[in-house]
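A short write-up of the structure that comes next.
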Amino acid sequence: MLFRNEAITDRQIDELIGIIKGVLADGMVSQGELEFLISWMESNRRAANLWPAKVLYPRLLAVMADGKLDLQEESEILELLTKTVGGNTTPQYGNSSGSTRLPFTEPARPIQFADQVFCFTGAFNSGKRTWCEQQVTERGGVTSGSITKKLNYLVIGDIGNENCVHSTHGRKIEKAIEYNAAGGRIVIVGEEHWYSHL
């Protein structure tokens, strides 16, 4: 029975990702599409409590709280949905995400916040970087804008860009790997794992 429930949930998440890709196909997000996404998540509660619906749902509700989608909100939601499915997916944007497997610490470890130093890189589905940093400081942690030997956690958001190694967040990942190769103990985690500990 548990296996069957997991299979259903996996299928729902796959369906949600497919719906999002369909919404992004024309490079725009309409109010009707946004309302449909919200309605789908409300009808599929099991999937709505999992990543990525878990962070999408409250953000979509907040945007639609006033009952209309303005141009600024459309732009923000378009960017959020694009990140959710791993990068650019529409023909006018060029190739789809060129992300490769990221060097996460394995096995994934529980995250401690008190007296720990965190650095964030990439773009985050759960909120802007300032929001992510606030979650750390509220739990007794400290944030850093760069990789140092005192760093405890590097949290990686979306880096769905084929040139990421030449960008700021690509360099942060490289530096963390270098420190760890030299005996450092920086724990490298993805946004989903970090978010699950909030």
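Residue numbering restarts at 1 for every chain of the structure tokens, chains are lettered A, B, ... in their displayed order, and ligands are numbered from 1 as they appear.
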
Go through range 174-195 of chain A residue by residue and, counting only C-alpha atoms, keep those with an atom at most 9 Å from range 122-130 of chain A; for each kept residue give the shortest atom pair and its distance in Å to one decimal, ordered by chain and increasing number, as JSON lines.
```
{"residue": "A:Glu191", "atom": "CA", "partner": "A:Phe124", "partner_atom": "CA", "distance": 7.0}
{"residue": "A:Glu192", "atom": "CA", "partner": "A:Ser126", "partner_atom": "CA", "distance": 8.8}
{"residue": "A:Tyr195", "atom": "CA", "partner": "A:Ser126", "partner_atom": "CA", "distance": 7.6}
```

Practice task
List the neighbours of Met41 in chain A out to 8 Å using only C-alpha atoms; skip same-chain residues closer than 6 positions along the sequence, and give me the result as an MDAnalysis selection string.
Solution key: chainID A and resid 47:48 53 57

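Between CA of Leu78 in chain A and CA of Pro103 in chain A there is a distance of 27.6 Å.
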
Problem - Residue set, chain A restricted to helix (DSSP H, G or I), as a ChimeraX atom specification - result: /A:2-24,31-43,45-48,53-66,71-84,91-93,129-138,164-166,168-181,191-195

Where in range 18-175 of chain A does DSSP assign strand (DSSP E), given as a PDB file with C-alpha atoms, in the first residue's frame?
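Below is the file that was written, out00.pdb:
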```
ATOM      1  CA  VAL A 117      27.799  29.570   9.006  1.00  0.00           C
ATOM      2  CA  PHE A 118      25.765  29.338   5.776  1.00  0.00           C
ATOM      3  CA  CYS A 119      26.439  30.595   2.264  1.00  0.00           C
ATOM      4  CA  PHE A 120      23.787  30.595  -0.481  1.00  0.00           C
ATOM      5  CA  THR A 121      24.384  30.384  -4.215  1.00  0.00           C
ATOM      6  CA  VAL A 142      25.196  33.202  10.559  1.00  0.00           C
ATOM      7  CA  THR A 143      25.359  33.904   6.816  1.00  0.00           C
ATOM      8  CA  TYR A 153      27.050  24.854   4.801  1.00  0.00           C
ATOM      9  CA  LEU A 154      26.862  25.827   1.147  1.00  0.00           C
ATOM     10  CA  VAL A 155      23.216  25.801   0.019  1.00  0.00           C
ATOM     11  CA  ILE A 156      22.737  25.547  -3.742  1.00  0.00           C
TER      12      ILE A 156
END
```

Problem - Option closest in space to Ile186 in chain A, from A:Ile19, A:Leu24, A:Ile77, A:Ile173 [counting only C-alpha atoms] - result: A:Ile173

Handout entry: Of the listed residues A:Ile38, A:Ile13, A:Leu198, A:Leu151, that which approaches Gln134 in chain A most closely, counting only C-alpha atoms
Key =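 Smallest distance to Gln134 in chain A is found for A:Leu198.
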
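Residue nearest Lys83 in chain A within the list A:Leu34, A:Ala182, A:Ile20, A:Ile147: A:Ile20 [criterion: smallest interatomic distance, only C-alpha atoms].
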
Problem - Between CA of Pro58 in chain A and CA of Phe104 in chain A, distance in Å (one decimal) - result: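 Taking CA of Pro58 in chain A and CA of Phe104 in chain A, their separation equals 27.1 Å.
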
Exercise for the section: Check the smallest atom-to-atom distance from each of A:Leu16, A:Ala114, A:Gln135, A:Asp70 to Ser43 in chain A using only C-alpha atoms, then report the winner. Expected result: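 Ranking A:Leu16, A:Ala114, A:Gln135, A:Asp70 by distance to Ser43 in chain A, first place goes to A:Leu16.
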
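Distance-wise, CA of Met28 in chain A and CA of Gly157 in chain A end up 22.9 Å apart.
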
If we count only C-alpha atoms, what is near His193 in chain A at a cut-off of 8 Å, once residues fewer than 4 positions away on the same chain are taken out, given as a compact mmCIF listing (two decimals) with C-alpha atoms, in the first residue's frame?
```txt
# COMPACT_ATOMS: atom_id res chain seq x y z
CA ALA A 108 22.66 14.02 3.17
CA VAL A 189 23.25 20.74 0.15
CA HIS A 197 14.77 21.59 7.98
```

Handout entry: Residue nearest Phe113 in chain A among A:Asp10, A:Ser144, A:Asn152, A:Ala181 (counting only C-alpha atoms)
Key =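 The answer is A:Asn152, which sits nearest to Phe113 in chain A.
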
Handout entry: Residues near Ile17 in chain A, cut-off 9 Å, only C-alpha atoms, skip fewer than 6 positions along chain, as a VMD selection string
Key = chain A and resid 52 84 to 85

Save the residues we just selected, C-alpha atoms, as a compact mmCIF listing (two decimals), in the first residue's frame?
```txt
# COMPACT_ATOMS: atom_id res chain seq x y z
CA PRO A 52 8.22 21.75 -5.56
CA THR A 84 11.17 25.01 -10.79
CA VAL A 85 11.54 22.87 -13.90
```

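Compared by their closest atoms to Gln72 in chain A, and using only C-alpha atoms, the residues A:Cys132, A:Val29, A:Val23, A:Ile177 rank with A:Val29 nearest.
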